[in-house]
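Below is the file final10.pdb, which contains PDB, C-alpha atoms and all ligand atoms.
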MODEL        1
ATOM      1  CA  MET A   1     -25.460  29.523 -68.129  1.00  0.00           C
ATOM      2  CA  GLY A   2     -28.655  27.541 -68.468  1.00  0.00           C
ATOM      3  CA  TYR A   3     -31.322  27.330 -71.125  1.00  0.00           C
ATOM      4  CA  ASP A   4     -34.984  26.445 -70.975  1.00  0.00           C
ATOM      5  CA  VAL A   5     -34.719  24.369 -74.142  1.00  0.00           C
ATOM      6  CA  VAL A   6     -31.768  22.735 -75.876  1.00  0.00           C
ATOM      7  CA  ILE A   7     -32.325  21.544 -79.448  1.00  0.00           C
ATOM      8  CA  ALA A   8     -29.747  19.240 -81.029  1.00  0.00           C
ATOM      9  CA  GLY A   9     -29.547  19.699 -84.794  1.00  0.00           C
ATOM     10  CA  ALA A  10     -30.236  22.849 -86.792  1.00  0.00           C
ATOM     11  CA  GLY A  11     -31.853  20.985 -89.652  1.00  0.00           C
ATOM     12  CA  ALA A  12     -35.362  21.365 -90.998  1.00  0.00           C
ATOM     13  CA  ALA A  13     -37.116  20.402 -87.766  1.00  0.00           C
ATOM     14  CA  GLY A  14     -34.615  21.973 -85.370  1.00  0.00           C
ATOM     15  CA  CYS A  15     -34.696  25.396 -87.009  1.00  0.00           C
ATOM     16  CA  VAL A  16     -38.483  25.522 -87.033  1.00  0.00           C
ATOM     17  CA  ALA A  17     -38.716  24.352 -83.422  1.00  0.00           C
ATOM     18  CA  ALA A  18     -36.090  26.879 -82.307  1.00  0.00           C
ATOM     19  CA  SER A  19     -37.789  29.693 -84.183  1.00  0.00           C
ATOM     20  CA  ARG A  20     -41.221  28.950 -82.755  1.00  0.00           C
ATOM     21  CA  LEU A  21     -39.983  28.345 -79.208  1.00  0.00           C
ATOM     22  CA  SER A  22     -37.894  31.538 -79.183  1.00  0.00           C
ATOM     23  CA  GLU A  23     -40.931  33.654 -80.077  1.00  0.00           C
ATOM     24  CA  ASP A  24     -41.554  33.772 -76.325  1.00  0.00           C
ATOM     25  CA  PRO A  25     -38.985  36.297 -75.043  1.00  0.00           C
ATOM     26  CA  LYS A  26     -39.128  34.699 -71.595  1.00  0.00           C
ATOM     27  CA  ARG A  27     -37.915  31.348 -72.969  1.00  0.00           C
ATOM     28  CA  SER A  28     -34.223  30.826 -73.723  1.00  0.00           C
ATOM     29  CA  VAL A  29     -33.407  28.411 -76.537  1.00  0.00           C
ATOM     30  CA  PHE A  30     -30.037  26.896 -77.425  1.00  0.00           C
ATOM     31  CA  LEU A  31     -29.788  25.479 -80.943  1.00  0.00           C
ATOM     32  CA  LEU A  32     -26.782  23.198 -81.367  1.00  0.00           C
ATOM     33  CA  GLU A  33     -25.493  22.203 -84.827  1.00  0.00           C
ATOM     34  CA  ALA A  34     -22.556  19.863 -85.388  1.00  0.00           C
ATOM     35  CA  GLY A  35     -22.336  20.234 -89.152  1.00  0.00           C
ATOM     36  CA  PRO A  36     -20.281  22.749 -91.134  1.00  0.00           C
ATOM     37  CA  ASP A  37     -21.411  26.300 -91.763  1.00  0.00           C
ATOM     38  CA  TYR A  38     -21.273  27.871 -95.219  1.00  0.00           C
ATOM     39  CA  PRO A  39     -22.095  31.538 -94.668  1.00  0.00           C
ATOM     40  CA  ASP A  40     -21.083  32.377 -98.223  1.00  0.00           C
ATOM     41  CA  PRO A  41     -23.078  30.474-100.887  1.00  0.00           C
ATOM     42  CA  THR A  42     -19.982  30.257-103.088  1.00  0.00           C
ATOM     43  CA  MET A  43     -18.360  28.067-100.403  1.00  0.00           C
ATOM     44  CA  VAL A  44     -21.068  25.380-100.562  1.00  0.00           C
ATOM     45  CA  PRO A  45     -19.580  22.179-102.030  1.00  0.00           C
ATOM     46  CA  PRO A  46     -21.073  21.214-105.410  1.00  0.00           C
ATOM     47  CA  GLU A  47     -22.375  17.874-104.123  1.00  0.00           C
ATOM     48  CA  ILE A  48     -24.634  19.752-101.695  1.00  0.00           C
ATOM     49  CA  LEU A  49     -26.174  21.706-104.557  1.00  0.00           C
ATOM     50  CA  SER A  50     -26.685  18.629-106.727  1.00  0.00           C
ATOM     51  CA  ILE A  51     -30.304  17.551-107.093  1.00  0.00           C
ATOM     52  CA  VAL A  52     -29.476  14.173-108.586  1.00  0.00           C
ATOM     53  CA  SER A  53     -27.513  12.461-105.836  1.00  0.00           C
ATOM     54  CA  PRO A  54     -27.322  12.553-102.039  1.00  0.00           C
ATOM     55  CA  ALA A  55     -24.310  14.381-100.597  1.00  0.00           C
ATOM     56  CA  HIS A  56     -22.525  11.479 -98.947  1.00  0.00           C
ATOM     57  CA  THR A  57     -19.754  13.837 -97.826  1.00  0.00           C
ATOM     58  CA  HIS A  58     -22.291  15.354 -95.427  1.00  0.00           C
ATOM     59  CA  ASP A  59     -23.952  12.131 -94.292  1.00  0.00           C
ATOM     60  CA  TRP A  60     -23.658  11.322 -90.591  1.00  0.00           C
ATOM     61  CA  GLY A  61     -24.117   7.655 -91.420  1.00  0.00           C
ATOM     62  CA  TYR A  62     -27.174   7.169 -89.249  1.00  0.00           C
ATOM     63  CA  THR A  63     -29.315   4.177 -90.120  1.00  0.00           C
ATOM     64  CA  SER A  64     -32.928   3.468 -89.323  1.00  0.00           C
ATOM     65  CA  GLU A  65     -34.321   0.458 -87.531  1.00  0.00           C
ATOM     66  CA  PRO A  66     -35.939  -1.257 -89.310  1.00  0.00           C
ATOM     67  CA  PRO A  67     -34.184  -0.230 -92.535  1.00  0.00           C
ATOM     68  CA  PHE A  68     -36.011   1.746 -95.203  1.00  0.00           C
ATOM     69  CA  THR A  69     -38.257  -0.637 -97.113  1.00  0.00           C
ATOM     70  CA  GLU A  70     -41.370  -0.622 -99.230  1.00  0.00           C
ATOM     71  CA  GLY A  71     -42.808   2.799 -99.934  1.00  0.00           C
ATOM     72  CA  ARG A  72     -39.909   4.691 -98.391  1.00  0.00           C
ATOM     73  CA  CYS A  73     -36.427   5.504 -99.549  1.00  0.00           C
ATOM     74  CA  ALA A  74     -33.465   7.436 -98.255  1.00  0.00           C
ATOM     75  CA  SER A  75     -32.404   8.815-101.592  1.00  0.00           C
ATOM     76  CA  PRO A  76     -34.452  11.018-103.868  1.00  0.00           C
ATOM     77  CA  ALA A  77     -36.375   9.946-106.897  1.00  0.00           C
ATOM     78  CA  VAL A  78     -36.240  12.453-109.715  1.00  0.00           C
ATOM     79  CA  SER A  79     -39.434  13.484-111.405  1.00  0.00           C
ATOM     80  CA  SER A  80     -39.971  15.955-114.170  1.00  0.00           C
ATOM     81  CA  SER A  81     -41.837  19.180-113.537  1.00  0.00           C
ATOM     82  CA  ALA A  82     -42.712  22.167-115.656  1.00  0.00           C
ATOM     83  CA  ALA A  83     -39.555  24.041-114.713  1.00  0.00           C
ATOM     84  CA  ALA A  84     -36.853  21.536-113.861  1.00  0.00           C
ATOM     85  CA  PRO A  85     -36.315  18.104-112.327  1.00  0.00           C
ATOM     86  CA  GLN A  86     -37.066  18.200-108.597  1.00  0.00           C
ATOM     87  CA  PRO A  87     -35.817  15.715-105.991  1.00  0.00           C
ATOM     88  CA  MET A  88     -38.690  14.029-104.182  1.00  0.00           C
ATOM     89  CA  LEU A  89     -39.161  11.361-101.561  1.00  0.00           C
ATOM     90  CA  ARG A  90     -41.252   8.374-102.524  1.00  0.00           C
TER      91      ARG A  90
HETATM   92  C1  LIG B   1     -30.992  14.226-101.236  1.00  0.00           C
HETATM   93  C2  LIG B   1     -32.215  14.616-100.442  1.00  0.00           C
HETATM   94  C3  LIG B   1     -33.189  15.397-101.056  1.00  0.00           C
HETATM   95  C4  LIG B   1     -34.325  15.761-100.339  1.00  0.00           C
HETATM   96  N1  LIG B   1     -35.274  16.516-100.968  1.00  0.00           N
HETATM   97  C5  LIG B   1     -36.370  16.888-100.297  1.00  0.00           C
HETATM   98  C6  LIG B   1     -37.360  17.702-100.914  1.00  0.00           C
HETATM   99  O1  LIG B   1     -37.243  18.085-102.062  1.00  0.00           O
HETATM  100  N2  LIG B   1     -38.453  18.046-100.198  1.00  0.00           N
HETATM  101  C7  LIG B   1     -38.613  17.636 -98.904  1.00  0.00           C
HETATM  102  O2  LIG B   1     -39.625  17.969 -98.291  1.00  0.00           O
HETATM  103  N3  LIG B   1     -37.697  16.857 -98.296  1.00  0.00           N
HETATM  104  C8  LIG B   1     -36.581  16.493 -98.956  1.00  0.00           C
HETATM  105  N4  LIG B   1     -35.645  15.706 -98.354  1.00  0.00           N
HETATM  106  C9  LIG B   1     -35.891  15.248 -96.992  1.00  0.00           C
HETATM  107  C10 LIG B   1     -35.587  16.335 -96.011  1.00  0.00           C
HETATM  108  O3  LIG B   1     -34.278  16.846 -96.249  1.00  0.00           O
HETATM  109  C11 LIG B   1     -35.620  15.696 -94.626  1.00  0.00           C
HETATM  110  O4  LIG B   1     -36.870  15.044 -94.461  1.00  0.00           O
HETATM  111  C12 LIG B   1     -35.503  16.742 -93.566  1.00  0.00           C
HETATM  112  O5  LIG B   1     -34.307  17.485 -93.753  1.00  0.00           O
HETATM  113  C13 LIG B   1     -35.445  16.064 -92.210  1.00  0.00           C
HETATM  114  O6  LIG B   1     -35.367  17.090 -91.253  1.00  0.00           O
HETATM  115  P1  LIG B   1     -34.720  16.824 -89.865  1.00  0.00           P
HETATM  116  O7  LIG B   1     -34.753  18.131 -89.108  1.00  0.00           O
HETATM  117  O8  LIG B   1     -35.377  15.640 -89.211  1.00  0.00           O
HETATM  118  O9  LIG B   1     -33.234  16.391 -90.169  1.00  0.00           O
HETATM  119  P2  LIG B   1     -32.062  17.247 -90.852  1.00  0.00           P
HETATM  120  O10 LIG B   1     -32.599  18.348 -91.702  1.00  0.00           O
HETATM  121  O11 LIG B   1     -31.140  16.247 -91.453  1.00  0.00           O
HETATM  122  O12 LIG B   1     -31.359  17.926 -89.596  1.00  0.00           O
HETATM  123  C14 LIG B   1     -30.608  17.215 -88.658  1.00  0.00           C
HETATM  124  C15 LIG B   1     -29.479  18.155 -88.213  1.00  0.00           C
HETATM  125  O13 LIG B   1     -28.873  17.634 -87.015  1.00  0.00           O
HETATM  126  C16 LIG B   1     -27.477  17.815 -87.114  1.00  0.00           C
HETATM  127  N5  LIG B   1     -26.867  16.855 -86.203  1.00  0.00           N
HETATM  128  C17 LIG B   1     -26.759  15.518 -86.351  1.00  0.00           C
HETATM  129  N6  LIG B   1     -26.178  14.972 -85.276  1.00  0.00           N
HETATM  130  C18 LIG B   1     -25.915  16.002 -84.428  1.00  0.00           C
HETATM  131  C19 LIG B   1     -25.311  16.092 -83.147  1.00  0.00           C
HETATM  132  N7  LIG B   1     -24.868  14.996 -82.495  1.00  0.00           N
HETATM  133  N8  LIG B   1     -25.186  17.298 -82.554  1.00  0.00           N
HETATM  134  C20 LIG B   1     -25.633  18.417 -83.204  1.00  0.00           C
HETATM  135  N9  LIG B   1     -26.208  18.405 -84.417  1.00  0.00           N
HETATM  136  C21 LIG B   1     -26.353  17.194 -85.030  1.00  0.00           C
HETATM  137  C22 LIG B   1     -27.167  17.576 -88.578  1.00  0.00           C
HETATM  138  O14 LIG B   1     -25.939  18.154 -88.953  1.00  0.00           O
HETATM  139  C23 LIG B   1     -28.360  18.278 -89.238  1.00  0.00           C
HETATM  140  O15 LIG B   1     -28.097  19.648 -89.499  1.00  0.00           O
HETATM  141  C24 LIG B   1     -34.497  15.337 -99.006  1.00  0.00           C
HETATM  142  C25 LIG B   1     -33.508  14.559 -98.392  1.00  0.00           C
HETATM  143  C26 LIG B   1     -32.383  14.199 -99.101  1.00  0.00           C
HETATM  144  C27 LIG B   1     -31.321  13.334 -98.440  1.00  0.00           C
ENDMDL
END
Once you've parsed the file, please lay out its structure as structure tokens.
Amino acid sequence: MGYDVVIAGAGAAGCVAASRLSEDPKRSVFLLEAGPDYPDPTMVPPEILSIVSPAHTHDWGYTSEPPFTEGRCASPAVSSSAAAPQPMLR
């Protein structure tokens, strides 16, 4: 079986790309995800739900080249908002 488009990674970008591309009923799209699935929210590990620290248990260990430097970071900064602290990228 063949597909018109194969997308590796059902993350933020992959899901949007797959959704938009599959709007055309003539185009077949295969979305491949290697990570775990948690269909029931109660099964999601607490570190995934934490807003204060990255979930290293679900980190593929990819690094960037060059490494993150000035003005960019791989872990969230925490800022205060009206409702609750929100993780943000600098
Ligand atoms: C702790 C934290 C907090 C964040 N908070 C915010 C926020 O508040 N607001 C915001 O805008 N951004 C936030 N970000 C950033 C945001 O999560 C990323 O910018 C965004 O998820 C990147 O999207 P992506 O599709 O490139 O990658 P991802 O969303 O990481 O998707 C990549 C997917 O590919 C899968 N994958 C990897 N390798 C393979 C393989 N070989 N085969 C198949 N699948 C594979 C992974 O499992 C993953 O599902 C946060 C990031 C972190 C780490």
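Here the PyMOL selection byres (((chain A and resi 3-9) around 6) and not hetatm) matches the residues Gly2, Ala10, Gly11, Gly14, Ser28, Val29, Phe30, Leu31, Leu32 and Glu33 of chain A.
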Where is the centre and how long are the edges: axis-aligned box on ligand LIG 1 (chain B), 4 Å on each side, Å to one decimal, as JSON:
{"center_x": -32.2, "center_y": 16.5, "center_z": -92.3, "size_x": 22.8, "size_y": 14.3, "size_z": 27.6}
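Among the candidates A:Ala13, A:Ile51, A:Met43, A:Ala18, the residue lying nearest to ligand LIG 1 (chain B) is A:Ala13 (atoms considered: all atoms listed in the file).
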Problem - Residue among A:Glu65, A:Ala12, A:Ser22, A:Pro45 lying closest to ligand LIG 1 (chain B), counting only C-alpha atoms and all ligand atoms - result: A:Ala12
Problem - Residues in the PyMOL selection byres (((chain A and resi 57-64) around 10) and not hetatm), expressed as a list in words - result: Gly35, Pro36, Pro45, Glu47, Ile48, Pro54, Ala55, His56, Glu65, Pro66, Pro67, Phe68 and Ala74 of chain A
Completion exercise
Computed gap from CA of Asp24 in chain A to atom C21 of ligand LIG 1 (chain B) is 24.1 Å
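Here atom C24 of ligand LIG 1 (chain B) is placed at a distance of 11.5 Å from CA of Ser50 in chain A.
Take atom C13 of ligand LIG 1 (chain B) and CA of Lys26 in chain A: the distance between them is 28.0 Å.
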Completion exercise
Shortest contact to ligand LIG 1 (chain B), candidates A:Leu21, A:Cys15, A:Met1, A:Val44, atoms counted only C-alpha atoms and all ligand atoms, goes to A:Cys15
Give me range 10-46 of chain A with N, CA and C atoms filled in, as a JSON list (two decimals), in the coordinates of the input.
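Output file part31.json follows:
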[["chain", "number", "residue", "atom", "x", "y", "z"],
["A", 10, "ALA", "N", -29.60, 21.69, -86.15],
["A", 10, "ALA", "CA", -30.24, 22.85, -86.79],
["A", 10, "ALA", "C", -30.65, 22.50, -88.21],
["A", 11, "GLY", "N", -31.33, 21.38, -88.35],
["A", 11, "GLY", "CA", -31.85, 20.98, -89.65],
["A", 11, "GLY", "C", -33.26, 21.54, -89.83],
["A", 12, "ALA", "N", -34.02, 20.88, -90.69],
["A", 12, "ALA", "CA", -35.36, 21.36, -91.00],
["A", 12, "ALA", "C", -36.22, 21.46, -89.74],
["A", 13, "ALA", "N", -36.27, 20.41, -88.96],
["A", 13, "ALA", "CA", -37.12, 20.40, -87.77],
["A", 13, "ALA", "C", -36.55, 21.30, -86.67],
["A", 14, "GLY", "N", -35.24, 21.21, -86.45],
["A", 14, "GLY", "CA", -34.62, 21.97, -85.37],
["A", 14, "GLY", "C", -34.76, 23.47, -85.54],
["A", 15, "CYS", "N", -34.59, 23.95, -86.76],
["A", 15, "CYS", "CA", -34.70, 25.40, -87.01],
["A", 15, "CYS", "C", -36.12, 25.89, -86.78],
["A", 16, "VAL", "N", -37.08, 25.11, -87.23],
["A", 16, "VAL", "CA", -38.48, 25.52, -87.03],
["A", 16, "VAL", "C", -38.82, 25.50, -85.55],
["A", 17, "ALA", "N", -38.43, 24.44, -84.86],
["A", 17, "ALA", "CA", -38.72, 24.35, -83.42],
["A", 17, "ALA", "C", -38.06, 25.50, -82.67],
["A", 18, "ALA", "N", -36.80, 25.79, -83.00],
["A", 18, "ALA", "CA", -36.09, 26.88, -82.31],
["A", 18, "ALA", "C", -36.74, 28.23, -82.59],
["A", 19, "SER", "N", -37.15, 28.42, -83.83],
["A", 19, "SER", "CA", -37.79, 29.69, -84.18],
["A", 19, "SER", "C", -39.10, 29.87, -83.43],
["A", 20, "ARG", "N", -39.92, 28.84, -83.43],
["A", 20, "ARG", "CA", -41.22, 28.95, -82.76],
["A", 20, "ARG", "C", -41.05, 29.10, -81.25],
["A", 21, "LEU", "N", -40.16, 28.29, -80.66],
["A", 21, "LEU", "CA", -39.98, 28.34, -79.21],
["A", 21, "LEU", "C", -39.39, 29.68, -78.75],
["A", 22, "SER", "N", -38.54, 30.28, -79.58],
["A", 22, "SER", "CA", -37.89, 31.54, -79.18],
["A", 22, "SER", "C", -38.79, 32.75, -79.42],
["A", 23, "GLU", "N", -40.00, 32.53, -79.94],
["A", 23, "GLU", "CA", -40.93, 33.65, -80.08],
["A", 23, "GLU", "C", -41.33, 34.19, -78.71],
["A", 24, "ASP", "N", -41.27, 33.34, -77.70],
["A", 24, "ASP", "CA", -41.55, 33.77, -76.32],
["A", 24, "ASP", "C", -40.27, 34.36, -75.74],
["A", 25, "PRO", "N", -40.22, 35.67, -75.52],
["A", 25, "PRO", "CA", -38.98, 36.30, -75.04],
["A", 25, "PRO", "C", -38.57, 35.82, -73.65],
["A", 26, "LYS", "N", -39.48, 35.20, -72.93],
["A", 26, "LYS", "CA", -39.13, 34.70, -71.60],
["A", 26, "LYS", "C", -38.46, 33.32, -71.66],
["A", 27, "ARG", "N", -38.49, 32.69, -72.83],
["A", 27, "ARG", "CA", -37.92, 31.35, -72.97],
["A", 27, "ARG", "C", -36.57, 31.44, -73.67],
["A", 28, "SER", "N", -35.54, 30.85, -73.08],
["A", 28, "SER", "CA", -34.22, 30.83, -73.72],
["A", 28, "SER", "C", -34.05, 29.50, -74.46],
["A", 29, "VAL", "N", -33.54, 29.58, -75.67],
["A", 29, "VAL", "CA", -33.41, 28.41, -76.54],
["A", 29, "VAL", "C", -31.97, 28.32, -77.03],
["A", 30, "PHE", "N", -31.39, 27.15, -76.92],
["A", 30, "PHE", "CA", -30.04, 26.90, -77.42],
["A", 30, "PHE", "C", -30.15, 25.91, -78.57],
["A", 31, "LEU", "N", -29.75, 26.33, -79.75],
["A", 31, "LEU", "CA", -29.79, 25.48, -80.94],
["A", 31, "LEU", "C", -28.36, 25.05, -81.27],
["A", 32, "LEU", "N", -28.12, 23.75, -81.19],
["A", 32, "LEU", "CA", -26.78, 23.20, -81.37],
["A", 32, "LEU", "C", -26.69, 22.49, -82.71],
["A", 33, "GLU", "N", -25.69, 22.85, -83.52],
["A", 33, "GLU", "CA", -25.49, 22.20, -84.83],
["A", 33, "GLU", "C", -24.06, 21.71, -84.92],
["A", 34, "ALA", "N", -23.89, 20.44, -85.29],
["A", 34, "ALA", "CA", -22.56, 19.86, -85.39],
["A", 34, "ALA", "C", -21.98, 19.95, -86.79],
["A", 35, "GLY", "N", -22.81, 20.22, -87.77],
["A", 35, "GLY", "CA", -22.34, 20.23, -89.15],
["A", 35, "GLY", "C", -21.62, 21.52, -89.50],
["A", 36, "PRO", "N", -21.02, 21.56, -90.69],
["A", 36, "PRO", "CA", -20.28, 22.75, -91.13],
["A", 36, "PRO", "C", -21.22, 23.90, -91.47],
["A", 37, "ASP", "N", -20.66, 25.10, -91.42],
["A", 37, "ASP", "CA", -21.41, 26.30, -91.76],
["A", 37, "ASP", "C", -20.84, 26.88, -93.05],
["A", 38, "TYR", "N", -21.71, 27.24, -93.97],
["A", 38, "TYR", "CA", -21.27, 27.87, -95.22],
["A", 38, "TYR", "C", -21.97, 29.23, -95.34],
["A", 39, "PRO", "N", -21.43, 30.22, -94.66],
["A", 39, "PRO", "CA", -22.10, 31.54, -94.67],
["A", 39, "PRO", "C", -22.11, 32.20, -96.04],
["A", 40, "ASP", "N", -21.14, 31.83, -96.87],
["A", 40, "ASP", "CA", -21.08, 32.38, -98.22],
["A", 40, "ASP", "C", -21.52, 31.28, -99.20],
["A", 41, "PRO", "N", -22.58, 31.51, -99.97],
["A", 41, "PRO", "CA", -23.08, 30.47, -100.89],
["A", 41, "PRO", "C", -22.02, 29.94, -101.84],
["A", 42, "THR", "N", -21.01, 30.74, -102.16],
["A", 42, "THR", "CA", -19.98, 30.26, -103.09],
["A", 42, "THR", "C", -19.09, 29.20, -102.44],
["A", 43, "MET", "N", -19.18, 29.05, -101.11],
["A", 43, "MET", "CA", -18.36, 28.07, -100.40],
["A", 43, "MET", "C", -19.05, 26.70, -100.31],
["A", 44, "VAL", "N", -20.33, 26.64, -100.69],
["A", 44, "VAL", "CA", -21.07, 25.38, -100.56],
["A", 44, "VAL", "C", -20.52, 24.37, -101.57],
["A", 45, "PRO", "N", -20.12, 23.19, -101.11],
["A", 45, "PRO", "CA", -19.58, 22.18, -102.03],
["A", 45, "PRO", "C", -20.60, 21.79, -103.09],
["A", 46, "PRO", "N", -20.14, 21.51, -104.32],
["A", 46, "PRO", "CA", -21.07, 21.21, -105.41],
["A", 46, "PRO", "C", -22.00, 20.04, -105.13]]
